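Below is one structure, written out as structure tokens, with a few remarks after it.
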Amino acid sequence: MDKIIRINMSKEPAPEIKITDMKGYEGLGGRGLTSAIVFKEVPPLCHPLSSENKLVIAPGLLSGTMAAMSGRISVGCKSPLTGGIKEANAGGQPSQMLARLGYAAIVIEGKPKGEDLYRVFINKDGVKIEKDNSLKMLGNYETVERMKREYGQKISCISIGPAGEMRLAGSSIACTNTELRPTRHAGRGGVGAVMGSKGVKVIVIDDEGTNMREPKDRERFRQANAKFIEGLRRHPVTGEALPAYGTNVLTNILNEAGGYPTYNFREGRFTGAAKISGETEAALETERGGVATHGCHRGCVIRCSGIFHDKDGRYLTKQPEYETVWAHGGNCGIDDIDKIAMLDFLDDDIGLDTIEMGVTVGVAMEAGLIKFGDADGAIELIKEVKKGTPLGRIIGSGALVTGRIFGVDKVPVVKGQALPAYDPRAVHGIGVTYATSPMGADHTAGYAVATNILKVGGFVDPLKPEGQIELSRNLQIATAAIDSTGMCLFIAFAVLDQPETFEALLEMLNAFYGLKLTGDDVVNLGKNILTMERTFNRLAGFTKEQDRLPNFFKKEPLPPHNVTFNVTDEELDQVFNW
């Protein structure tokens with residue numbers, strides 16, 4: 001991976017493609033590379049939908065290799081949702097295939113003058129871009145079907161749905177999974193709107209004729225990978241819970257802990273949680289002929305994904321993830337897993353972030369547009385987005401905009417981005433991450449739930465402020481580094497509990513690149529990435545006042561524990577003081 005594809009959409013009479021080297025970005029991949037390019041090349045004060053913004057798509061340092069769990073891809077830009085820097089992360093096949101073709105990144109810059117739509121095709125012979133207005137306003141599923149008919153079954157696709165074309169701030173970028181379905185999304189921050197503003201509908205990747213990337217020391221790499229896999233399979237979270245029930249195994253756990261946000265963050269437990277839990281979902285998938293355990297990309301050994309069939313045994317969507325089930329489920333008072341699965345399908349097809357949309361629907365319910373628990377009403381609201389009606393454009397713009405327009409004062413966002421599925425009053429560590437991450441409210445930026453609730457990597461009492469700053473700080477540093485490798489973040493469970501599994505990961509990097517990285521080097525990488533991201537945000541106008549949760553978390557006690565978020569502002573300001 002020593003080349004960068006640069007596509008300038010402003011060039012006339014047609015977009016210009018250049019293949020450049022890695023000069024200035026050597027040794028970076030994934031989030032490290034996307035954030036570095038955005039930091040160095042995007043004016044912090046530019047409008048996110050202007051020609052000055054850039055969309056950067058980058059596989060990780062170990063993507064395209066034999067390394068297990070290395071199929072994540074990073075998407076970076078200035079976010080239309082937060083106004084700051086953004087890295088959104090997705091699984092699926094594109095990362096592995098792009099890396100095997102030798103590309104460290106795709107950078108889409110500029111902006112076409114007209115309203116034409118383009119598709120990009122990348123294979124071993126090079127890169128092509130051509131106009132294709134027949135794709136306008138198609139859903140992700142139909143877009144991919146058309147690409148399959150033209151290019152065959154061995155491709156992968158990166159695409160946007162109608163929401164991205166309409167440049168809505170809640171829009172996502174879809175990546176295809178192993179069945180060539182557009183179900184793995186770089187969801188957060190409105191990255192789909194930036195791709196839409198560039199006039200790019202779909203990127204098709206064909207790696208036929210390429211081989212796995214070869215390590216400098218093949219045998220050493222093979223042994224480290226085997227040790228790494230053994231550690232993942234031995235850990236109770238990555239080896240048992242996630243493979244059995246998927247990410248939605250967390251529903252019963254968080255509900256029992258009293259940290260499951262319900263009715264737009266009014267309560268910490270949902271009476272209908274058992275009906276939409278991972279255990280219930282997996283049993284239903286098996287009963288209907290779906291799949292309860294499944295990898296979203298080749299080389300996945302955790303296999304926390306699945307395939308959900310409807311009541312007639314027909315494919316409907318991927319296994320709805322924990323965040324999706326919560327956002328459209330407990331948060332909205334909905335306990336019908338089939339209706340939640342339909343909402344998941346609609347979000348994926350239209351190209352919407354399921355977290356942002358679930359929280360937005362919850363805010364709309366708070367406003368009285370529909371009642372809590374109204375699943376059919378929620379489905380109709382999401383369908384409005386696809387229609388492009390005024391109401392649909394409001395909903396598709398996210399929770400903050402919807403709350404402002406409908407006069408709601410209880411809107412759970414940080415830096416304009418909706419909070420995910422853990423109430424910060426009952427899980428203080430994740431509250432620190434929500435408040436201080438450069439990305440806006442983002443559980444994956446520093447997953448303190450692991451230690452607060454699952455007791456992975458030790459235990460810090462989730463109901464108390466003590467120890468939460470250090471916990472979030474360390475996890476944010478580690479996460480930034482992991483996001484650069486192309487590794488799935490779920491490896492962190494085993495890495496936190498098993499020093500030998502972390503050593504195996506280091507050994508893989510060293511054997512592949514011929515390096516001598518230490519744990520300190522990994523920490524420094526994470527710190528450097530976070531420093532770039534925070535500097536960009538500061539230059540974009542962010543101050544410490546943006547590193548705060550909404551006030552109601554400090555004032556309104558959350559049942560059943562009747563606690564508030566008690567980490568002080570002064571303590572929050574210490575997270576990045578290393």
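By order of appearance in the structure tokens: chains A, B, ..., then residues from 1 within every chain, and ligands from 1 in the order shown.
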
A:Val385 surroundings by only C-alpha atoms, 9 Å radius, close-in-sequence under 2 positions cut, as a CSV table (one decimal) with C-alpha atoms, in the first residue's frame:
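Done, and the output landed in result12.csv:
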chain,number,residue,atom,x,y,z
A,162,PRO,CA,-30.7,9.1,-1.5
A,163,ALA,CA,-29.8,10.7,1.8
A,350,ILE,CA,-31.6,5.1,2.1
A,380,GLU,CA,-43.2,6.3,8.0
A,381,LEU,CA,-40.8,9.0,9.4
A,382,ILE,CA,-37.8,7.3,7.9
A,383,LYS,CA,-39.7,6.8,4.6
A,387,LYS,CA,-39.1,10.9,-0.4
A,388,GLY,CA,-37.2,14.1,0.3
A,389,THR,CA,-40.2,15.9,1.7
A,390,PRO,CA,-39.6,18.9,4.0
A,391,LEU,CA,-40.3,16.7,7.1
A,392,GLY,CA,-38.0,14.0,5.7
A,393,ARG,CA,-35.2,16.5,5.2
A,394,ILE,CA,-35.6,17.6,8.8
A,395,ILE,CA,-35.4,14.1,10.1
A,396,GLY,CA,-32.5,13.2,7.8

Pull the closest atom pair for each residue of stretch 147-263 of chain A that gets at most 9 Å from stretch 416-420 of chain A, along with the distance in Å to one decimal, counting only C-alpha atoms, ordering rows by chain and then ascending residue number, as a tab-separated table.
residue	atom	partner	partner_atom	distance
A:Arg188	CA	A:Gln417	CA	7.9
A:Gly189	CA	A:Gln417	CA	6.8
A:Pro261	CA	A:Pro420	CA	8.9

Excluding same-chain residues fewer than 2 positions from A:Ser10, what lies within 10 Å of it counting only C-alpha atoms, as a list in words?
->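 Listed by chain and then number, they are Ile7, Asn8, Glu12, Pro13, Ala14, Pro15, Glu16, Ser51, Glu109, Gly110, Lys111, Pro112, Lys113 and Lys198 of chain A.
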
Store the residues picked out above, limited to N, CA and C atoms, as an mmCIF file, in the first residue's frame.
data_model
loop_
_atom_site.group_PDB
_atom_site.id
_atom_site.type_symbol
_atom_site.label_atom_id
_atom_site.label_comp_id
_atom_site.auth_asym_id
_atom_site.auth_seq_id
_atom_site.Cartn_x
_atom_site.Cartn_y
_atom_site.Cartn_z
ATOM 1 N N ILE A 7 -8.841 11.968 -6.729
ATOM 2 C CA ILE A 7 -9.832 12.268 -7.760
ATOM 3 C C ILE A 7 -10.318 13.693 -7.549
ATOM 4 N N ASN A 8 -10.019 14.558 -8.509
ATOM 5 C CA ASN A 8 -10.418 15.962 -8.428
ATOM 6 C C ASN A 8 -11.704 16.149 -9.232
ATOM 7 N N GLU A 12 -12.487 20.215 -15.342
ATOM 8 C CA GLU A 12 -13.319 20.207 -16.543
ATOM 9 C C GLU A 12 -12.483 19.777 -17.737
ATOM 10 N N PRO A 13 -13.031 19.058 -18.682
ATOM 11 C CA PRO A 13 -14.456 18.710 -18.812
ATOM 12 C C PRO A 13 -14.860 17.461 -18.046
ATOM 13 N N ALA A 14 -13.887 16.804 -17.394
ATOM 14 C CA ALA A 14 -14.194 15.577 -16.646
ATOM 15 C C ALA A 14 -13.303 15.519 -15.414
ATOM 16 N N PRO A 15 -13.738 14.796 -14.388
ATOM 17 C CA PRO A 15 -12.906 14.659 -13.187
ATOM 18 C C PRO A 15 -11.532 14.096 -13.530
ATOM 19 N N GLU A 16 -10.536 14.537 -12.780
ATOM 20 C CA GLU A 16 -9.148 14.146 -13.031
ATOM 21 C C GLU A 16 -8.684 13.139 -11.985
ATOM 22 N N SER A 51 -16.212 22.687 -2.015
ATOM 23 C CA SER A 51 -15.146 22.036 -2.782
ATOM 24 C C SER A 51 -13.862 21.913 -1.971
ATOM 25 N N GLU A 109 -11.649 15.064 -3.917
ATOM 26 C CA GLU A 109 -11.587 16.496 -3.627
ATOM 27 C C GLU A 109 -12.313 17.291 -4.705
ATOM 28 N N GLY A 110 -12.472 18.596 -4.442
ATOM 29 C CA GLY A 110 -13.186 19.429 -5.403
ATOM 30 C C GLY A 110 -14.670 19.162 -5.389
ATOM 31 N N LYS A 111 -15.334 19.640 -6.443
ATOM 32 C CA LYS A 111 -16.792 19.516 -6.509
ATOM 33 C C LYS A 111 -17.231 19.805 -7.938
ATOM 34 N N PRO A 112 -18.049 18.945 -8.544
ATOM 35 C CA PRO A 112 -18.493 19.209 -9.911
ATOM 36 C C PRO A 112 -19.417 20.430 -9.972
ATOM 37 N N LYS A 113 -19.419 21.101 -11.097
ATOM 38 C CA LYS A 113 -20.246 22.309 -11.238
ATOM 39 C C LYS A 113 -21.728 21.983 -11.361
ATOM 40 N N LYS A 198 -19.640 15.615 -3.533
ATOM 41 C CA LYS A 198 -18.604 15.419 -4.549
ATOM 42 C C LYS A 198 -19.174 14.818 -5.842
#

Contacts of A:Gln319 at 7 Å or less, counting only C-alpha atoms, minus same-chain residues fewer than 6 places along, as an MDAnalysis selection string?
-> chainID A and resid 305:308

List the neighbours of A:Ala399 out to 12 Å using only C-alpha atoms; skip same-chain residues closer than 4 positions along the sequence, and give me the result as a VMD selection string.
-> chain A and resid 81 to 82 168 to 170 189 264 327 353 to 367 393 to 395 403 to 420

Name the closest residue to A:Ala504 among the candidates A:Glu470, A:Glu230, A:Asp217, A:Asp336; distances are taken between atoms, counting only C-alpha atoms.
->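 Ranked by minimum distance to A:Ala504, first place goes to A:Glu230.
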
Counting only C-alpha atoms, what is within 12 Å of A:Leu49, bar same-chain residues fewer than 4 positions away, as an mmCIF file with all heavy atoms, in the first residue's frame?
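After the write, around-v6.cif holds the following:
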data_model
loop_
_atom_site.group_PDB
_atom_site.id
_atom_site.type_symbol
_atom_site.label_atom_id
_atom_site.label_comp_id
_atom_site.auth_asym_id
_atom_site.auth_seq_id
_atom_site.Cartn_x
_atom_site.Cartn_y
_atom_site.Cartn_z
ATOM 1 N N VAL A 42 -7.306 20.083 4.537
ATOM 2 C CA VAL A 42 -8.648 20.676 4.553
ATOM 3 C C VAL A 42 -8.646 21.926 5.432
ATOM 4 O O VAL A 42 -8.274 21.844 6.610
ATOM 5 C CB VAL A 42 -9.695 19.669 5.071
ATOM 6 C CG1 VAL A 42 -11.063 20.337 5.208
ATOM 7 C CG2 VAL A 42 -9.783 18.471 4.131
ATOM 8 N N LEU A 45 -11.986 25.949 8.601
ATOM 9 C CA LEU A 45 -13.167 26.819 8.579
ATOM 10 C C LEU A 45 -14.003 26.668 7.310
ATOM 11 O O LEU A 45 -14.974 27.392 7.117
ATOM 12 C CB LEU A 45 -12.737 28.283 8.742
ATOM 13 C CG LEU A 45 -12.158 28.643 10.124
ATOM 14 C CD1 LEU A 45 -11.637 30.076 10.124
ATOM 15 C CD2 LEU A 45 -13.200 28.466 11.216
ATOM 16 N N ASN A 53 -13.531 20.870 1.157
ATOM 17 C CA ASN A 53 -13.497 19.666 1.974
ATOM 18 C C ASN A 53 -13.019 18.489 1.132
ATOM 19 O O ASN A 53 -13.135 18.502 -0.101
ATOM 20 C CB ASN A 53 -14.887 19.379 2.556
ATOM 21 C CG ASN A 53 -14.827 18.447 3.755
ATOM 22 O OD1 ASN A 53 -13.765 18.092 4.245
ATOM 23 N ND2 ASN A 53 -15.989 18.048 4.239
ATOM 24 N N LYS A 54 -12.479 17.483 1.792
ATOM 25 C CA LYS A 54 -12.035 16.281 1.091
ATOM 26 C C LYS A 54 -12.594 15.059 1.788
ATOM 27 O O LYS A 54 -12.734 15.043 3.014
ATOM 28 C CB LYS A 54 -10.504 16.208 1.063
ATOM 29 C CG LYS A 54 -9.861 17.362 0.311
ATOM 30 C CD LYS A 54 -8.363 17.196 0.134
ATOM 31 C CE LYS A 54 -7.786 18.385 -0.627
ATOM 32 N NZ LYS A 54 -6.365 18.226 -0.979
ATOM 33 N N LEU A 55 -12.935 14.060 1.002
ATOM 34 C CA LEU A 55 -13.372 12.776 1.542
ATOM 35 C C LEU A 55 -12.220 11.798 1.376
ATOM 36 O O LEU A 55 -11.741 11.572 0.260
ATOM 37 C CB LEU A 55 -14.611 12.260 0.806
ATOM 38 C CG LEU A 55 -15.213 10.983 1.387
ATOM 39 C CD1 LEU A 55 -15.963 11.300 2.682
ATOM 40 C CD2 LEU A 55 -16.170 10.317 0.390
ATOM 41 N N CYS A 77 -13.238 13.231 6.891
ATOM 42 C CA CYS A 77 -13.599 14.492 6.249
ATOM 43 C C CYS A 77 -13.872 15.517 7.347
ATOM 44 O O CYS A 77 -13.769 15.211 8.533
ATOM 45 C CB CYS A 77 -14.846 14.334 5.374
ATOM 46 S SG CYS A 77 -16.318 13.792 6.282
ATOM 47 N N LYS A 78 -14.229 16.732 6.961
ATOM 48 C CA LYS A 78 -14.849 17.648 7.911
ATOM 49 C C LYS A 78 -16.329 17.320 7.926
ATOM 50 O O LYS A 78 -16.970 17.241 6.877
ATOM 51 C CB LYS A 78 -14.623 19.109 7.518
ATOM 52 C CG LYS A 78 -15.305 20.066 8.504
ATOM 53 C CD LYS A 78 -15.006 21.532 8.231
ATOM 54 C CE LYS A 78 -15.759 22.389 9.264
ATOM 55 N NZ LYS A 78 -15.491 23.833 9.107
ATOM 56 N N SER A 79 -16.884 17.129 9.122
ATOM 57 C CA SER A 79 -18.238 16.606 9.261
ATOM 58 C C SER A 79 -19.312 17.674 9.082
ATOM 59 O O SER A 79 -19.262 18.726 9.717
ATOM 60 C CB SER A 79 -18.401 15.972 10.644
ATOM 61 O OG SER A 79 -19.755 15.742 10.946
ATOM 62 N N PRO A 80 -20.316 17.400 8.246
ATOM 63 C CA PRO A 80 -21.469 18.300 8.145
ATOM 64 C C PRO A 80 -22.326 18.294 9.402
ATOM 65 O O PRO A 80 -23.099 19.223 9.625
ATOM 66 C CB PRO A 80 -22.271 17.736 6.956
ATOM 67 C CG PRO A 80 -21.397 16.753 6.295
ATOM 68 C CD PRO A 80 -20.432 16.262 7.321
ATOM 69 N N LEU A 81 -22.195 17.241 10.220
ATOM 70 C CA LEU A 81 -23.016 17.122 11.424
ATOM 71 C C LEU A 81 -22.389 17.855 12.598
ATOM 72 O O LEU A 81 -23.056 18.583 13.325
ATOM 73 C CB LEU A 81 -23.224 15.646 11.779
ATOM 74 C CG LEU A 81 -24.276 15.342 12.845
ATOM 75 C CD1 LEU A 81 -25.681 15.603 12.308
ATOM 76 C CD2 LEU A 81 -24.164 13.904 13.317
ATOM 77 N N GLY A 83 -19.306 19.772 12.390
ATOM 78 C CA GLY A 83 -18.489 20.920 12.035
ATOM 79 C C GLY A 83 -17.025 20.731 12.370
ATOM 80 O O GLY A 83 -16.210 21.631 12.176
ATOM 81 N N GLU A 109 -11.649 15.064 -3.917
ATOM 82 C CA GLU A 109 -11.587 16.496 -3.627
ATOM 83 C C GLU A 109 -12.313 17.291 -4.705
ATOM 84 O O GLU A 109 -12.725 16.745 -5.731
ATOM 85 C CB GLU A 109 -10.125 16.941 -3.508
ATOM 86 C CG GLU A 109 -9.268 16.504 -4.662
ATOM 87 C CD GLU A 109 -7.768 16.562 -4.363
ATOM 88 O OE1 GLU A 109 -7.378 16.501 -3.189
ATOM 89 O OE2 GLU A 109 -6.999 16.661 -5.336
ATOM 90 N N GLY A 110 -12.472 18.596 -4.442
ATOM 91 C CA GLY A 110 -13.186 19.429 -5.403
ATOM 92 C C GLY A 110 -14.670 19.162 -5.389
ATOM 93 O O GLY A 110 -15.210 18.509 -4.487
ATOM 94 N N LYS A 111 -15.334 19.640 -6.443
ATOM 95 C CA LYS A 111 -16.792 19.516 -6.509
ATOM 96 C C LYS A 111 -17.231 19.805 -7.938
ATOM 97 O O LYS A 111 -16.818 20.816 -8.514
ATOM 98 C CB LYS A 111 -17.420 20.522 -5.538
ATOM 99 C CG LYS A 111 -18.911 20.421 -5.383
ATOM 100 C CD LYS A 111 -19.369 21.405 -4.304
ATOM 101 C CE LYS A 111 -20.878 21.346 -4.119
ATOM 102 N NZ LYS A 111 -21.314 22.280 -3.045
ATOM 103 N N PRO A 112 -18.049 18.945 -8.544
ATOM 104 C CA PRO A 112 -18.493 19.209 -9.911
ATOM 105 C C PRO A 112 -19.417 20.430 -9.972
ATOM 106 O O PRO A 112 -20.116 20.739 -9.010
ATOM 107 C CB PRO A 112 -19.231 17.924 -10.296
ATOM 108 C CG PRO A 112 -19.644 17.303 -9.002
ATOM 109 C CD PRO A 112 -18.611 17.693 -8.000
ATOM 110 N N GLY A 164 -27.510 10.628 1.084
ATOM 111 C CA GLY A 164 -26.225 11.227 0.745
ATOM 112 C C GLY A 164 -26.334 12.153 -0.442
ATOM 113 O O GLY A 164 -25.728 13.222 -0.473
ATOM 114 N N GLU A 165 -27.116 11.750 -1.446
ATOM 115 C CA GLU A 165 -27.326 12.615 -2.613
ATOM 116 C C GLU A 165 -27.993 13.927 -2.222
ATOM 117 O O GLU A 165 -27.699 14.986 -2.792
ATOM 118 C CB GLU A 165 -28.163 11.891 -3.662
ATOM 119 C CG GLU A 165 -27.441 10.764 -4.379
ATOM 120 C CD GLU A 165 -28.287 10.207 -5.513
ATOM 121 O OE1 GLU A 165 -28.685 10.997 -6.398
ATOM 122 O OE2 GLU A 165 -28.573 8.996 -5.506
ATOM 123 N N MET A 166 -28.911 13.848 -1.248
ATOM 124 C CA MET A 166 -29.573 15.066 -0.771
ATOM 125 C C MET A 166 -28.712 15.837 0.215
ATOM 126 O O MET A 166 -29.107 16.894 0.704
ATOM 127 C CB MET A 166 -30.918 14.700 -0.123
ATOM 128 C CG MET A 166 -31.970 14.248 -1.105
ATOM 129 S SD MET A 166 -33.583 13.974 -0.322
ATOM 130 C CE MET A 166 -33.382 12.305 0.296
ATOM 131 N N ARG A 167 -27.540 15.290 0.530
ATOM 132 C CA ARG A 167 -26.550 15.942 1.393
ATOM 133 C C ARG A 167 -27.091 16.193 2.796
ATOM 134 O O ARG A 167 -26.846 17.236 3.410
ATOM 135 C CB ARG A 167 -26.055 17.237 0.738
ATOM 136 C CG ARG A 167 -25.463 16.978 -0.639
ATOM 137 C CD ARG A 167 -25.200 18.216 -1.445
ATOM 138 N NE ARG A 167 -24.975 17.848 -2.851
ATOM 139 C CZ ARG A 167 -24.716 18.718 -3.815
ATOM 140 N NH1 ARG A 167 -24.642 19.998 -3.553
ATOM 141 N NH2 ARG A 167 -24.532 18.298 -5.048
ATOM 142 N N LEU A 168 -27.783 15.197 3.305
ATOM 143 C CA LEU A 168 -28.352 15.289 4.643
ATOM 144 C C LEU A 168 -27.300 14.901 5.679
ATOM 145 O O LEU A 168 -26.544 13.943 5.494
ATOM 146 C CB LEU A 168 -29.577 14.383 4.756
ATOM 147 C CG LEU A 168 -30.711 14.700 3.773
ATOM 148 C CD1 LEU A 168 -31.865 13.712 3.966
ATOM 149 C CD2 LEU A 168 -31.209 16.133 3.937
ATOM 150 N N ALA A 169 -27.289 15.605 6.800
ATOM 151 C CA ALA A 169 -26.226 15.439 7.799
ATOM 152 C C ALA A 169 -26.302 14.127 8.556
ATOM 153 O O ALA A 169 -25.367 13.777 9.287
ATOM 154 C CB ALA A 169 -26.245 16.609 8.778
ATOM 155 N N GLY A 190 -22.322 12.205 9.130
ATOM 156 C CA GLY A 190 -22.790 12.721 7.844
ATOM 157 C C GLY A 190 -21.802 12.587 6.711
ATOM 158 O O GLY A 190 -21.829 13.362 5.742
ATOM 159 N N VAL A 191 -20.933 11.553 6.784
ATOM 160 C CA VAL A 191 -19.934 11.380 5.725
ATOM 161 C C VAL A 191 -20.577 11.137 4.357
ATOM 162 O O VAL A 191 -20.005 11.486 3.320
ATOM 163 C CB VAL A 191 -18.943 10.244 6.072
ATOM 164 C CG1 VAL A 191 -18.070 10.632 7.259
ATOM 165 C CG2 VAL A 191 -19.679 8.932 6.364
ATOM 166 N N GLY A 192 -21.782 10.550 4.347
ATOM 167 C CA GLY A 192 -22.476 10.327 3.083
ATOM 168 C C GLY A 192 -22.808 11.622 2.373
ATOM 169 O O GLY A 192 -22.816 11.691 1.132
ATOM 170 N N ALA A 193 -23.085 12.682 3.133
ATOM 171 C CA ALA A 193 -23.383 13.985 2.539
ATOM 172 C C ALA A 193 -22.164 14.555 1.828
ATOM 173 O O ALA A 193 -22.287 15.210 0.778
ATOM 174 C CB ALA A 193 -23.864 14.954 3.622
ATOM 175 N N VAL A 194 -20.977 14.305 2.385
ATOM 176 C CA VAL A 194 -19.756 14.795 1.749
ATOM 177 C C VAL A 194 -19.513 14.041 0.443
ATOM 178 O O VAL A 194 -19.171 14.639 -0.578
ATOM 179 C CB VAL A 194 -18.554 14.668 2.703
ATOM 180 C CG1 VAL A 194 -17.263 15.118 2.019
ATOM 181 C CG2 VAL A 194 -18.796 15.495 3.962
ATOM 182 N N MET A 195 -19.716 12.733 0.449
ATOM 183 C CA MET A 195 -19.577 11.957 -0.795
ATOM 184 C C MET A 195 -20.604 12.444 -1.819
ATOM 185 O O MET A 195 -20.290 12.578 -3.011
ATOM 186 C CB MET A 195 -19.758 10.466 -0.499
ATOM 187 C CG MET A 195 -19.444 9.549 -1.668
ATOM 188 S SD MET A 195 -19.150 7.849 -1.093
ATOM 189 C CE MET A 195 -19.341 6.909 -2.613
ATOM 190 N N GLY A 196 -21.828 12.728 -1.356
ATOM 191 C CA GLY A 196 -22.850 13.249 -2.255
ATOM 192 C C GLY A 196 -22.483 14.607 -2.817
ATOM 193 O O GLY A 196 -22.728 14.898 -3.998
ATOM 194 N N SER A 197 -21.874 15.460 -1.999
ATOM 195 C CA SER A 197 -21.482 16.790 -2.472
ATOM 196 C C SER A 197 -20.398 16.716 -3.532
ATOM 197 O O SER A 197 -20.248 17.631 -4.351
ATOM 198 C CB SER A 197 -20.999 17.651 -1.296
ATOM 199 O OG SER A 197 -19.706 17.262 -0.851
ATOM 200 N N LYS A 198 -19.640 15.615 -3.533
ATOM 201 C CA LYS A 198 -18.604 15.419 -4.549
ATOM 202 C C LYS A 198 -19.174 14.818 -5.842
ATOM 203 O O LYS A 198 -18.438 14.658 -6.821
ATOM 204 C CB LYS A 198 -17.496 14.502 -4.018
ATOM 205 C CG LYS A 198 -16.853 14.947 -2.716
ATOM 206 C CD LYS A 198 -16.190 16.296 -2.827
ATOM 207 C CE LYS A 198 -15.509 16.710 -1.541
ATOM 208 N NZ LYS A 198 -15.053 18.123 -1.575
ATOM 209 N N GLY A 199 -20.447 14.440 -5.817
ATOM 210 C CA GLY A 199 -21.067 13.873 -7.010
ATOM 211 C C GLY A 199 -20.718 12.424 -7.260
ATOM 212 O O GLY A 199 -20.931 11.912 -8.362
#

Find the residues around A:Glu240 up to 12 Å (only C-alpha atoms counted), leave out those fewer than 4 positions away in its own chain, and share them as a VMD selection string.
-> chain A and resid 232 to 236 244 to 247 249 293 301 to 304 493 to 494

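Among the candidates A:Lys11, A:Arg146, A:Lys554, A:Lys86, the residue lying nearest to A:Gly114 is A:Lys11 (atoms considered: only C-alpha atoms).
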
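Minimum atom-to-atom distances from A:Thr444, A:Arg72, A:Leu28, A:Leu352 to A:Gly398 were compared using only C-alpha atoms, and the lowest value belongs to A:Leu352.
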
Restricting the calculation to only C-alpha atoms, which member of A:Leu138, A:Cys157, A:Ala58, A:Ile122 is positioned closest to A:Val107?
-> A:Ala58

Separation of atom CA of A:Thr535 from atom CA of A:Tyr422 in Å |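 Computed distance, atom CA of A:Tyr422 to atom CA of A:Thr535, equals 27.7 Å.
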
With only C-alpha atoms as the basis for distance, which of A:Thr271, A:Arg181, A:Cys300, A:Lys201 is at the shortest distance from A:Thr317?
->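 Closest to A:Thr317 of all the choices is A:Arg181.
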
All strand (DSSP E) residues (DSSP, backbone) inside stretch 64-280 of chain A, as a VMD selection string | chain A and resid 73 to 78 85 to 90 103 to 109 118 to 123 126 to 131 155 to 159 173 to 175 184 to 186 200 to 206

When DSSP works through the backbone of this structure, what residues of stretch 342-467 of chain A end up as helix (DSSP H, G or I), shown as a ChimeraX atom specification?
-> /A:342-350,354-367,375-387,390-396,399-405,428-436,443-445,449-452

Two-atom distance - atom CA of A:Met137, atom CA of A:Ser159 (Å) = 11.7 Å

Which is closest to A:Asn566 among A:Val427, A:Val460, A:Leu180, A:Ile337, if we use only C-alpha atoms?
->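 Answer, going by the shortest atom-to-atom distance: A:Val427.
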
Residues of stretch 461-537 of chain A at most 10 Å from stretch 62-66 of chain A: nearest atom pair and distance in Å, only C-alpha atoms, as a tab-separated table:
residue	atom	partner	partner_atom	distance
A:Ser484	CA	A:Leu62	CA	8.8
A:Thr485	CA	A:Leu62	CA	5.5
A:Gly486	CA	A:Ser63	CA	5.6
A:Met487	CA	A:Leu62	CA	7.5
A:Met508	CA	A:Leu62	CA	8.5
A:Leu509	CA	A:Leu62	CA	7.4
A:Phe512	CA	A:Leu62	CA	8.2
A:Tyr513	CA	A:Leu62	CA	9.6

Go ahead and save the residues from that selection, with C-alpha atoms, as a short mmCIF file (atom, residue, chain, number, x, y, z; two decimals), in the first residue's frame.
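For reference, result30.cif as written:
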data_model
loop_
_atom_site.label_atom_id
_atom_site.label_comp_id
_atom_site.auth_asym_id
_atom_site.auth_seq_id
_atom_site.Cartn_x
_atom_site.Cartn_y
_atom_site.Cartn_z
CA SER A 484 -5.18 2.86 12.21
CA THR A 485 -4.41 -0.85 11.87
CA GLY A 486 -7.66 -1.84 10.13
CA MET A 487 -8.45 -4.08 13.08
CA MET A 508 2.19 -8.88 13.56
CA LEU A 509 2.90 -5.22 12.82
CA PHE A 512 4.88 -7.38 8.48
CA TYR A 513 6.75 -4.10 8.19
#
